[in-house]
Amino acid sequence: MTHHARSFAPAARLLHRRDRLRVARLYALCRTVDDIADEIGGLVGQAQLQGLLDDLNKPDPQDPIAVEAQDLFKGHPLGLAAFRELVCTVAADTDTTCIADSAALDIYCMGVAGTVGIMICALFDVDEAYLKNATDLGRAMQLTNICRDVAEDARRGRRYLPLTLCPHCPEDIAAGDPQAIAAAEAAMVCLLNEADELYRSGRSAFEALPWRLRLAVASAAAMYQGIGTQLRERKFKPLAGRAFVTIKRKVYLATCAVLAELFRKRKTEDGSGHAHA
């Protein structure tokens, strides 16, 4: 998680060790599924993921990933169902990808990232009334990822920007065709604006989270949204290299997020007449 999840790994340090280990196990599961799609890919990767999906439905699975998932989500059927949906979505994304429209993109983002919000809620026994906010936050992060990785995805024959926003093939984007790049930039504007609305939805339910999880998720969301800010500051430019948030900037964003949650908590307690923690 420290190597790959450069926004969430630092935020996870705000959790108790026991909770951090549970989140690390979840991350390892999701990362392994993603790596099967990206590093193996094609029909072989798809068959491997389909085998995993079949095993997840068995009471006595043999696949070690399925065994780990069933153990992690023991007593949390909603979390296991969400993991199944993630595997199913990723299994359909092992080759070239060209998203058709916003509806297809929403289904994809829900499958690969909204499900992670559900899994976190399941592990921490968060009230199901807040699941939509959790999925919105996951979708926001995925839209941010998509905008950050436009060029990288295009070089692999993938275009997650909807055809309705960017009517160009991945090869044209990767080659730097002026019309394709202009369309990609305009699509990135739309998707990042949508992501901002979803971040707001996610933040509106942070108070439903256990306190230390609330701080960790708030910090991770702030750092992730910072990637979108970097893209805007450089006028998007998908071929300009991968946008990233510096360590110094991450510390600033995480600190601001933590202070904002502390302020919200104090304000809530003042309004309800409770003593400060």
# chains A, B, ... in the order shown; residues from 1 in each chain; ligands from 1
$ closest_atom_pairs --of "region 58-166 of chain A" --to "region 197-213 of chain A" --cutoff "8 Å" --atoms "only C-alpha atoms" --output "Markdown table"
| residue | atom | partner | partner_atom | distance |
| --- | --- | --- | --- | --- |
| A:Phe124 | CA | A:Pro210 | CA | 7.7 |
| A:Val126 | CA | A:Leu209 | CA | 6.4 |
| A:Asp127 | CA | A:Ala208 | CA | 7.4 |
| A:Tyr130 | CA | A:Ala205 | CA | 6.6 |
| A:Asn133 | CA | A:Gly202 | CA | 4.6 |
| A:Ala134 | CA | A:Gly202 | CA | 5.8 |
| A:Thr135 | CA | A:Gly202 | CA | 7.8 |
| A:Asp136 | CA | A:Leu198 | CA | 5.1 |
| A:Leu137 | CA | A:Gly202 | CA | 4.7 |
| A:Arg139 | CA | A:Leu198 | CA | 7.2 |
| A:Ala140 | CA | A:Leu198 | CA | 5.3 |
$ closest_atom_pairs --of "region 138-202 of chain A" --to "region 221-229 of chain A" --cutoff "12 Å" --atoms "only C-alpha atoms" --output "CSV"
residue,atom,partner,partner_atom,distance
A:Gly138,CA,A:Ala221,CA,9.2
A:Arg139,CA,A:Ala221,CA,11.3
A:Ala140,CA,A:Gln225,CA,8.3
A:Met141,CA,A:Tyr224,CA,6.4
A:Gln142,CA,A:Tyr224,CA,9.5
A:Leu143,CA,A:Gly228,CA,9.4
A:Thr144,CA,A:Gly228,CA,6.1
A:Asn145,CA,A:Ile227,CA,8.4
A:Ile146,CA,A:Gly228,CA,10.3
A:Cys147,CA,A:Gly228,CA,7.8
A:Arg148,CA,A:Ile227,CA,7.4
A:Asp149,CA,A:Ile227,CA,10.9
A:Met188,CA,A:Gly228,CA,9.3
A:Val189,CA,A:Gly228,CA,9.5
A:Cys190,CA,A:Gly228,CA,11.6
A:Leu191,CA,A:Gly228,CA,9.8
A:Leu192,CA,A:Gly228,CA,6.5
A:Asn193,CA,A:Gly228,CA,9.2
A:Glu194,CA,A:Gly228,CA,11.2
A:Ala195,CA,A:Gln225,CA,8.4
A:Asp196,CA,A:Gln225,CA,7.7
A:Glu197,CA,A:Gln225,CA,11.1
A:Leu198,CA,A:Gln225,CA,10.6
A:Tyr199,CA,A:Ala221,CA,7.4
A:Arg200,CA,A:Ala221,CA,10.1
A:Ser201,CA,A:Ala221,CA,11.6
A:Gly202,CA,A:Ala221,CA,8.9
$ select_by_dssp --residues "region 57-240 of chain A" --states "helix (DSSP H, G or I)" --output "PyMOL selection string"
chain A and resi 64-72+77-91+102-123+128-148+150-155+170-175+178-203+206-208+211-233
$ atom_distance --atom1 "CA of Ile118 (chain A)" --atom2 "CA of Gln62 (chain A)"
24.9 Å
$ residues_around --residues "region 95-100 of chain A" --least-positions-apart "4" --cutoff "6 Å" --atoms "only C-alpha atoms" --output "list of chain:residue names"
A:Gly42, A:Gly157, A:Arg158, A:Arg159, A:Tyr160, A:Pro162, A:Leu163
$ write_last_selection --atoms "N, CA, C and O atoms" --output "compact mmCIF listing (two decimals), in the first residue's frame"
# COMPACT_ATOMS: atom_id res chain seq x y z
N GLY A 42 -6.02 -9.43 -21.25
CA GLY A 42 -6.50 -10.26 -22.35
C GLY A 42 -7.40 -11.38 -21.87
O GLY A 42 -8.00 -11.34 -20.79
N GLY A 157 -4.25 1.48 -25.52
CA GLY A 157 -5.45 1.21 -26.30
C GLY A 157 -6.74 1.40 -25.53
O GLY A 157 -7.78 0.82 -25.87
N ARG A 158 -6.71 2.24 -24.49
CA ARG A 158 -7.88 2.45 -23.66
C ARG A 158 -8.28 3.92 -23.63
O ARG A 158 -7.42 4.80 -23.61
N ARG A 159 -9.59 4.16 -23.65
CA ARG A 159 -10.10 5.52 -23.54
C ARG A 159 -11.30 5.47 -22.61
O ARG A 159 -12.38 5.00 -22.98
N TYR A 160 -11.09 5.98 -21.40
CA TYR A 160 -12.18 6.01 -20.43
C TYR A 160 -12.97 7.31 -20.52
O TYR A 160 -14.03 7.42 -19.90
N PRO A 162 -15.64 9.40 -22.08
CA PRO A 162 -16.78 8.94 -22.88
C PRO A 162 -16.69 9.42 -24.33
O PRO A 162 -16.27 10.55 -24.60
N LEU A 163 -17.10 8.55 -25.25
CA LEU A 163 -17.11 8.89 -26.67
C LEU A 163 -17.94 10.14 -26.93
O LEU A 163 -17.61 10.94 -27.80
$ atom_distance --atom1 "CA of Pro59 (chain A)" --atom2 "CA of Asp35 (chain A)"
25.3 Å
$ atom_distance --atom1 "CA of Gln70 (chain A)" --atom2 "CA of Ala220 (chain A)"
26.3 Å
$ closest_residue --among "A:Val116, A:Leu29, A:Ala184, A:Ala129" --to "Ile65 (chain A)" --atoms "only C-alpha atoms"
A:Leu29
$ select_by_dssp --residues "region 53-276 of chain A" --states "strand (DSSP E)" --output "number ranges by chain"
A: 97-98, 158-159
$ residues_around --residues "Ala82 (chain A)" --least-positions-apart "6" --cutoff "10 Å" --atoms "only C-alpha atoms" --output "ChimeraX atom specification"
/A:88,110-119,122
$ write_last_selection --atoms "all heavy atoms" --output "PDB file, in the first residue's frame"
ATOM      1  N   CYS A  88     -16.127  -8.518 -11.058  1.00  0.00           N
ATOM      2  CA  CYS A  88     -16.919  -8.640 -12.287  1.00  0.00           C
ATOM      3  C   CYS A  88     -16.640  -7.480 -13.236  1.00  0.00           C
ATOM      4  O   CYS A  88     -16.470  -7.678 -14.441  1.00  0.00           O
ATOM      5  CB  CYS A  88     -18.398  -8.697 -11.922  1.00  0.00           C
ATOM      6  SG  CYS A  88     -19.502  -8.957 -13.345  1.00  0.00           S
ATOM      7  N   MET A 110     -18.606   3.023 -10.706  1.00  0.00           N
ATOM      8  CA  MET A 110     -19.277   2.397  -9.573  1.00  0.00           C
ATOM      9  C   MET A 110     -18.685   1.018  -9.317  1.00  0.00           C
ATOM     10  O   MET A 110     -18.415   0.633  -8.173  1.00  0.00           O
ATOM     11  CB  MET A 110     -20.787   2.278  -9.870  1.00  0.00           C
ATOM     12  CG  MET A 110     -21.582   1.615  -8.764  1.00  0.00           C
ATOM     13  SD  MET A 110     -21.517   2.569  -7.222  1.00  0.00           S
ATOM     14  CE  MET A 110     -21.974   1.300  -6.055  1.00  0.00           C
ATOM     15  N   GLY A 111     -18.441   0.260 -10.398  1.00  0.00           N
ATOM     16  CA  GLY A 111     -17.945  -1.105 -10.250  1.00  0.00           C
ATOM     17  C   GLY A 111     -16.542  -1.199  -9.693  1.00  0.00           C
ATOM     18  O   GLY A 111     -16.245  -2.083  -8.881  1.00  0.00           O
ATOM     19  N   VAL A 112     -15.651  -0.278 -10.102  1.00  0.00           N
ATOM     20  CA  VAL A 112     -14.257  -0.390  -9.682  1.00  0.00           C
ATOM     21  C   VAL A 112     -13.907   0.480  -8.476  1.00  0.00           C
ATOM     22  O   VAL A 112     -12.873   0.266  -7.841  1.00  0.00           O
ATOM     23  CB  VAL A 112     -13.283  -0.047 -10.842  1.00  0.00           C
ATOM     24  CG1 VAL A 112     -13.471  -1.014 -11.997  1.00  0.00           C
ATOM     25  CG2 VAL A 112     -13.437   1.398 -11.295  1.00  0.00           C
ATOM     26  N   ALA A 113     -14.735   1.473  -8.165  1.00  0.00           N
ATOM     27  CA  ALA A 113     -14.379   2.399  -7.084  1.00  0.00           C
ATOM     28  C   ALA A 113     -15.519   2.660  -6.107  1.00  0.00           C
ATOM     29  O   ALA A 113     -15.295   2.741  -4.899  1.00  0.00           O
ATOM     30  CB  ALA A 113     -13.898   3.727  -7.677  1.00  0.00           C
ATOM     31  N   GLY A 114     -16.743   2.797  -6.611  1.00  0.00           N
ATOM     32  CA  GLY A 114     -17.872   2.955  -5.699  1.00  0.00           C
ATOM     33  C   GLY A 114     -17.982   1.765  -4.763  1.00  0.00           C
ATOM     34  O   GLY A 114     -18.321   1.905  -3.583  1.00  0.00           O
ATOM     35  N   THR A 115     -17.647   0.592  -5.281  1.00  0.00           N
ATOM     36  CA  THR A 115     -17.688  -0.627  -4.471  1.00  0.00           C
ATOM     37  C   THR A 115     -16.699  -0.564  -3.309  1.00  0.00           C
ATOM     38  O   THR A 115     -16.949  -1.135  -2.244  1.00  0.00           O
ATOM     39  CB  THR A 115     -17.356  -1.850  -5.335  1.00  0.00           C
ATOM     40  OG1 THR A 115     -16.145  -1.586  -6.073  1.00  0.00           O
ATOM     41  CG2 THR A 115     -18.472  -2.160  -6.317  1.00  0.00           C
ATOM     42  N   VAL A 116     -15.587   0.131  -3.502  1.00  0.00           N
ATOM     43  CA  VAL A 116     -14.600   0.252  -2.424  1.00  0.00           C
ATOM     44  C   VAL A 116     -15.198   1.032  -1.257  1.00  0.00           C
ATOM     45  O   VAL A 116     -14.981   0.699  -0.086  1.00  0.00           O
ATOM     46  CB  VAL A 116     -13.307   0.918  -2.929  1.00  0.00           C
ATOM     47  CG1 VAL A 116     -12.313   1.085  -1.785  1.00  0.00           C
ATOM     48  CG2 VAL A 116     -12.684   0.101  -4.055  1.00  0.00           C
ATOM     49  N   GLY A 117     -15.986   2.065  -1.569  1.00  0.00           N
ATOM     50  CA  GLY A 117     -16.673   2.807  -0.514  1.00  0.00           C
ATOM     51  C   GLY A 117     -17.608   1.908   0.273  1.00  0.00           C
ATOM     52  O   GLY A 117     -17.676   1.980   1.508  1.00  0.00           O
ATOM     53  N   ILE A 118     -18.315   1.030  -0.429  1.00  0.00           N
ATOM     54  CA  ILE A 118     -19.218   0.093   0.240  1.00  0.00           C
ATOM     55  C   ILE A 118     -18.432  -0.869   1.130  1.00  0.00           C
ATOM     56  O   ILE A 118     -18.826  -1.165   2.265  1.00  0.00           O
ATOM     57  CB  ILE A 118     -20.046  -0.693  -0.798  1.00  0.00           C
ATOM     58  CG1 ILE A 118     -20.978   0.256  -1.551  1.00  0.00           C
ATOM     59  CG2 ILE A 118     -20.844  -1.809  -0.118  1.00  0.00           C
ATOM     60  CD1 ILE A 118     -21.728  -0.400  -2.695  1.00  0.00           C
ATOM     61  N   MET A 119     -17.287  -1.352   0.615  1.00  0.00           N
ATOM     62  CA  MET A 119     -16.481  -2.296   1.390  1.00  0.00           C
ATOM     63  C   MET A 119     -15.933  -1.661   2.664  1.00  0.00           C
ATOM     64  O   MET A 119     -15.915  -2.284   3.726  1.00  0.00           O
ATOM     65  CB  MET A 119     -15.351  -2.857   0.526  1.00  0.00           C
ATOM     66  CG  MET A 119     -15.830  -3.851  -0.529  1.00  0.00           C
ATOM     67  SD  MET A 119     -14.483  -4.623  -1.461  1.00  0.00           S
ATOM     68  CE  MET A 119     -14.357  -3.521  -2.874  1.00  0.00           C
ATOM     69  N   ALA A 122     -18.730  -1.435   5.091  1.00  0.00           N
ATOM     70  CA  ALA A 122     -19.029  -2.746   5.662  1.00  0.00           C
ATOM     71  C   ALA A 122     -18.034  -3.112   6.756  1.00  0.00           C
ATOM     72  O   ALA A 122     -18.416  -3.575   7.836  1.00  0.00           O
ATOM     73  CB  ALA A 122     -19.020  -3.805   4.557  1.00  0.00           C
TER      74      ALA A 122
END
$ residues_around --residues "Asp71 (chain A)" --least-positions-apart "5" --cutoff "12 Å" --atoms "only C-alpha atoms" --output "list in words"
Arg22, Arg25, Leu26, Leu29, Leu56, Pro59, Asp60, Pro61, Pro64, Ile65, Ala66, His76, Pro77, Gly79, Leu80 and Leu123 of chain A
$ residues_around --residues "Ile36 (chain A)" --least-positions-apart "5" --cutoff "10 Å" --atoms "only C-alpha atoms" --output "PDB file with N, CA and C atoms, in the first residue's frame"
ATOM      1  N   ARG A  31      -5.929  -4.381  -5.229  1.00  0.00           N
ATOM      2  CA  ARG A  31      -4.748  -4.184  -6.060  1.00  0.00           C
ATOM      3  C   ARG A  31      -4.414  -5.447  -6.842  1.00  0.00           C
ATOM      4  N   GLY A  41      -3.957  -9.445 -18.192  1.00  0.00           N
ATOM      5  CA  GLY A  41      -4.887  -8.919 -19.193  1.00  0.00           C
ATOM      6  C   GLY A  41      -5.356  -9.935 -20.224  1.00  0.00           C
ATOM      7  N   GLY A  42      -6.018  -9.433 -21.253  1.00  0.00           N
ATOM      8  CA  GLY A  42      -6.501 -10.263 -22.350  1.00  0.00           C
ATOM      9  C   GLY A  42      -7.403 -11.384 -21.873  1.00  0.00           C
ATOM     10  N   VAL A  44      -6.548 -14.372 -20.977  1.00  0.00           N
ATOM     11  CA  VAL A  44      -5.989 -15.101 -19.832  1.00  0.00           C
ATOM     12  C   VAL A  44      -6.377 -14.417 -18.525  1.00  0.00           C
ATOM     13  N   GLY A  45      -6.179 -13.097 -18.470  1.00  0.00           N
ATOM     14  CA  GLY A  45      -6.556 -12.361 -17.276  1.00  0.00           C
ATOM     15  C   GLY A  45      -8.047 -12.426 -17.014  1.00  0.00           C
ATOM     16  N   GLN A  46      -8.819 -12.332 -18.075  1.00  0.00           N
ATOM     17  CA  GLN A  46     -10.275 -12.395 -17.944  1.00  0.00           C
ATOM     18  C   GLN A  46     -10.711 -13.748 -17.389  1.00  0.00           C
ATOM     19  N   GLN A  48      -8.912 -15.770 -15.567  1.00  0.00           N
ATOM     20  CA  GLN A  48      -8.473 -15.865 -14.174  1.00  0.00           C
ATOM     21  C   GLN A  48      -9.443 -15.133 -13.251  1.00  0.00           C
ATOM     22  N   LEU A  49      -9.884 -13.957 -13.669  1.00  0.00           N
ATOM     23  CA  LEU A  49     -10.830 -13.193 -12.859  1.00  0.00           C
ATOM     24  C   LEU A  49     -12.199 -13.864 -12.812  1.00  0.00           C
ATOM     25  N   VAL A  90     -13.938  -5.474 -13.286  1.00  0.00           N
ATOM     26  CA  VAL A  90     -12.550  -5.516 -13.760  1.00  0.00           C
ATOM     27  C   VAL A  90     -12.368  -6.626 -14.793  1.00  0.00           C
ATOM     28  N   ALA A  91     -13.073  -7.742 -14.623  1.00  0.00           N
ATOM     29  CA  ALA A  91     -12.967  -8.855 -15.569  1.00  0.00           C
ATOM     30  C   ALA A  91     -13.392  -8.443 -16.973  1.00  0.00           C
ATOM     31  N   THR A  94     -10.207  -6.138 -19.324  1.00  0.00           N
ATOM     32  CA  THR A  94      -8.865  -6.696 -19.418  1.00  0.00           C
ATOM     33  C   THR A  94      -8.207  -6.456 -20.773  1.00  0.00           C
TER      34      THR A  94
END
$ decode --residues "region 232-259 of chain A" --atoms "N, CA, C and O atoms" --output "PDB file, in the first residue's frame"
ATOM      1  N   ARG A 232      -5.717  21.076 -13.514  1.00  0.00           N
ATOM      2  CA  ARG A 232      -6.268  22.375 -13.912  1.00  0.00           C
ATOM      3  C   ARG A 232      -5.159  23.430 -14.015  1.00  0.00           C
ATOM      4  O   ARG A 232      -5.161  24.248 -14.941  1.00  0.00           O
ATOM      5  N   GLU A 233      -4.226  23.417 -13.076  1.00  0.00           N
ATOM      6  CA  GLU A 233      -3.169  24.429 -13.070  1.00  0.00           C
ATOM      7  C   GLU A 233      -2.254  24.322 -14.289  1.00  0.00           C
ATOM      8  O   GLU A 233      -1.683  25.312 -14.732  1.00  0.00           O
ATOM      9  N   ARG A 234      -2.120  23.129 -14.823  1.00  0.00           N
ATOM     10  CA  ARG A 234      -1.273  22.984 -16.005  1.00  0.00           C
ATOM     11  C   ARG A 234      -2.101  22.958 -17.297  1.00  0.00           C
ATOM     12  O   ARG A 234      -1.629  22.519 -18.337  1.00  0.00           O
ATOM     13  N   LYS A 235      -3.351  23.442 -17.186  1.00  0.00           N
ATOM     14  CA  LYS A 235      -4.256  23.533 -18.344  1.00  0.00           C
ATOM     15  C   LYS A 235      -4.506  22.149 -18.946  1.00  0.00           C
ATOM     16  O   LYS A 235      -4.573  21.990 -20.157  1.00  0.00           O
ATOM     17  N   PHE A 236      -4.588  21.145 -18.078  1.00  0.00           N
ATOM     18  CA  PHE A 236      -4.907  19.759 -18.426  1.00  0.00           C
ATOM     19  C   PHE A 236      -3.755  19.095 -19.210  1.00  0.00           C
ATOM     20  O   PHE A 236      -3.050  18.294 -18.653  1.00  0.00           O
ATOM     21  N   LYS A 237      -3.569  19.359 -20.481  1.00  0.00           N
ATOM     22  CA  LYS A 237      -2.437  18.843 -21.250  1.00  0.00           C
ATOM     23  C   LYS A 237      -2.148  17.368 -20.942  1.00  0.00           C
ATOM     24  O   LYS A 237      -1.181  17.040 -20.244  1.00  0.00           O
ATOM     25  N   PRO A 238      -2.945  16.458 -21.468  1.00  0.00           N
ATOM     26  CA  PRO A 238      -2.794  15.036 -21.129  1.00  0.00           C
ATOM     27  C   PRO A 238      -1.436  14.430 -21.483  1.00  0.00           C
ATOM     28  O   PRO A 238      -1.029  13.443 -20.872  1.00  0.00           O
ATOM     29  N   LEU A 239      -0.719  15.013 -22.452  1.00  0.00           N
ATOM     30  CA  LEU A 239       0.577  14.452 -22.845  1.00  0.00           C
ATOM     31  C   LEU A 239       1.754  15.077 -22.102  1.00  0.00           C
ATOM     32  O   LEU A 239       2.915  14.805 -22.420  1.00  0.00           O
ATOM     33  N   ALA A 240       1.468  15.882 -21.093  1.00  0.00           N
ATOM     34  CA  ALA A 240       2.533  16.585 -20.367  1.00  0.00           C
ATOM     35  C   ALA A 240       3.145  15.737 -19.251  1.00  0.00           C
ATOM     36  O   ALA A 240       3.928  16.241 -18.458  1.00  0.00           O
ATOM     37  N   GLY A 241       2.814  14.472 -19.202  1.00  0.00           N
ATOM     38  CA  GLY A 241       3.310  13.619 -18.124  1.00  0.00           C
ATOM     39  C   GLY A 241       2.278  13.487 -17.018  1.00  0.00           C
ATOM     40  O   GLY A 241       1.335  14.264 -16.935  1.00  0.00           O
ATOM     41  N   ARG A 242       2.479  12.506 -16.183  1.00  0.00           N
ATOM     42  CA  ARG A 242       1.501  12.222 -15.132  1.00  0.00           C
ATOM     43  C   ARG A 242       1.504  13.328 -14.081  1.00  0.00           C
ATOM     44  O   ARG A 242       2.546  13.673 -13.537  1.00  0.00           O
ATOM     45  N   ALA A 243       0.334  13.876 -13.800  1.00  0.00           N
ATOM     46  CA  ALA A 243       0.208  14.896 -12.758  1.00  0.00           C
ATOM     47  C   ALA A 243       0.344  14.234 -11.390  1.00  0.00           C
ATOM     48  O   ALA A 243      -0.154  13.128 -11.174  1.00  0.00           O
ATOM     49  N   PHE A 244       1.053  14.889 -10.497  1.00  0.00           N
ATOM     50  CA  PHE A 244       1.188  14.353  -9.156  1.00  0.00           C
ATOM     51  C   PHE A 244       1.228  15.502  -8.151  1.00  0.00           C
ATOM     52  O   PHE A 244       1.504  16.653  -8.499  1.00  0.00           O
ATOM     53  N   VAL A 245       0.917  15.155  -6.917  1.00  0.00           N
ATOM     54  CA  VAL A 245       0.925  16.130  -5.834  1.00  0.00           C
ATOM     55  C   VAL A 245       2.209  15.937  -5.038  1.00  0.00           C
ATOM     56  O   VAL A 245       2.512  14.819  -4.612  1.00  0.00           O
ATOM     57  N   THR A 246       2.979  16.984  -4.845  1.00  0.00           N
ATOM     58  CA  THR A 246       4.231  16.876  -4.108  1.00  0.00           C
ATOM     59  C   THR A 246       3.971  16.499  -2.650  1.00  0.00           C
ATOM     60  O   THR A 246       2.865  16.705  -2.126  1.00  0.00           O
ATOM     61  N   ILE A 247       4.979  15.958  -2.004  1.00  0.00           N
ATOM     62  CA  ILE A 247       4.846  15.577  -0.594  1.00  0.00           C
ATOM     63  C   ILE A 247       4.477  16.782   0.257  1.00  0.00           C
ATOM     64  O   ILE A 247       3.602  16.708   1.139  1.00  0.00           O
ATOM     65  N   LYS A 248       5.134  17.908  -0.012  1.00  0.00           N
ATOM     66  CA  LYS A 248       4.844  19.128   0.744  1.00  0.00           C
ATOM     67  C   LYS A 248       3.379  19.531   0.581  1.00  0.00           C
ATOM     68  O   LYS A 248       2.706  19.909   1.545  1.00  0.00           O
ATOM     69  N   ARG A 249       2.880  19.445  -0.648  1.00  0.00           N
ATOM     70  CA  ARG A 249       1.490  19.801  -0.915  1.00  0.00           C
ATOM     71  C   ARG A 249       0.542  18.799  -0.257  1.00  0.00           C
ATOM     72  O   ARG A 249      -0.513  19.181   0.275  1.00  0.00           O
ATOM     73  N   LYS A 250       0.899  17.516  -0.262  1.00  0.00           N
ATOM     74  CA  LYS A 250       0.065  16.508   0.389  1.00  0.00           C
ATOM     75  C   LYS A 250      -0.058  16.783   1.885  1.00  0.00           C
ATOM     76  O   LYS A 250      -1.143  16.657   2.460  1.00  0.00           O
ATOM     77  N   VAL A 251       1.061  17.127   2.504  1.00  0.00           N
ATOM     78  CA  VAL A 251       1.034  17.432   3.937  1.00  0.00           C
ATOM     79  C   VAL A 251       0.095  18.608   4.201  1.00  0.00           C
ATOM     80  O   VAL A 251      -0.707  18.588   5.142  1.00  0.00           O
ATOM     81  N   TYR A 252       0.178  19.619   3.350  1.00  0.00           N
ATOM     82  CA  TYR A 252      -0.684  20.796   3.502  1.00  0.00           C
ATOM     83  C   TYR A 252      -2.160  20.416   3.343  1.00  0.00           C
ATOM     84  O   TYR A 252      -3.004  20.799   4.170  1.00  0.00           O
ATOM     85  N   LEU A 253      -2.465  19.661   2.291  1.00  0.00           N
ATOM     86  CA  LEU A 253      -3.857  19.275   2.034  1.00  0.00           C
ATOM     87  C   LEU A 253      -4.410  18.399   3.154  1.00  0.00           C
ATOM     88  O   LEU A 253      -5.552  18.573   3.602  1.00  0.00           O
ATOM     89  N   ALA A 254      -3.596  17.433   3.610  1.00  0.00           N
ATOM     90  CA  ALA A 254      -4.043  16.541   4.681  1.00  0.00           C
ATOM     91  C   ALA A 254      -4.255  17.314   5.977  1.00  0.00           C
ATOM     92  O   ALA A 254      -5.232  17.086   6.698  1.00  0.00           O
ATOM     93  N   THR A 255      -3.352  18.240   6.272  1.00  0.00           N
ATOM     94  CA  THR A 255      -3.489  19.041   7.490  1.00  0.00           C
ATOM     95  C   THR A 255      -4.751  19.894   7.454  1.00  0.00           C
ATOM     96  O   THR A 255      -5.497  19.969   8.439  1.00  0.00           O
ATOM     97  N   CYS A 256      -4.998  20.513   6.315  1.00  0.00           N
ATOM     98  CA  CYS A 256      -6.221  21.318   6.165  1.00  0.00           C
ATOM     99  C   CYS A 256      -7.469  20.459   6.333  1.00  0.00           C
ATOM    100  O   CYS A 256      -8.456  20.886   6.958  1.00  0.00           O
ATOM    101  N   ALA A 257      -7.424  19.239   5.772  1.00  0.00           N
ATOM    102  CA  ALA A 257      -8.578  18.348   5.874  1.00  0.00           C
ATOM    103  C   ALA A 257      -8.834  17.944   7.323  1.00  0.00           C
ATOM    104  O   ALA A 257      -9.978  17.928   7.793  1.00  0.00           O
ATOM    105  N   VAL A 258      -7.766  17.620   8.038  1.00  0.00           N
ATOM    106  CA  VAL A 258      -7.907  17.229   9.442  1.00  0.00           C
ATOM    107  C   VAL A 258      -8.443  18.397  10.270  1.00  0.00           C
ATOM    108  O   VAL A 258      -9.361  18.238  11.092  1.00  0.00           O
ATOM    109  N   LEU A 259      -7.898  19.580  10.060  1.00  0.00           N
ATOM    110  CA  LEU A 259      -8.368  20.754  10.802  1.00  0.00           C
ATOM    111  C   LEU A 259      -9.830  21.061  10.494  1.00  0.00           C
ATOM    112  O   LEU A 259     -10.596  21.446  11.383  1.00  0.00           O
TER     113      LEU A 259
END
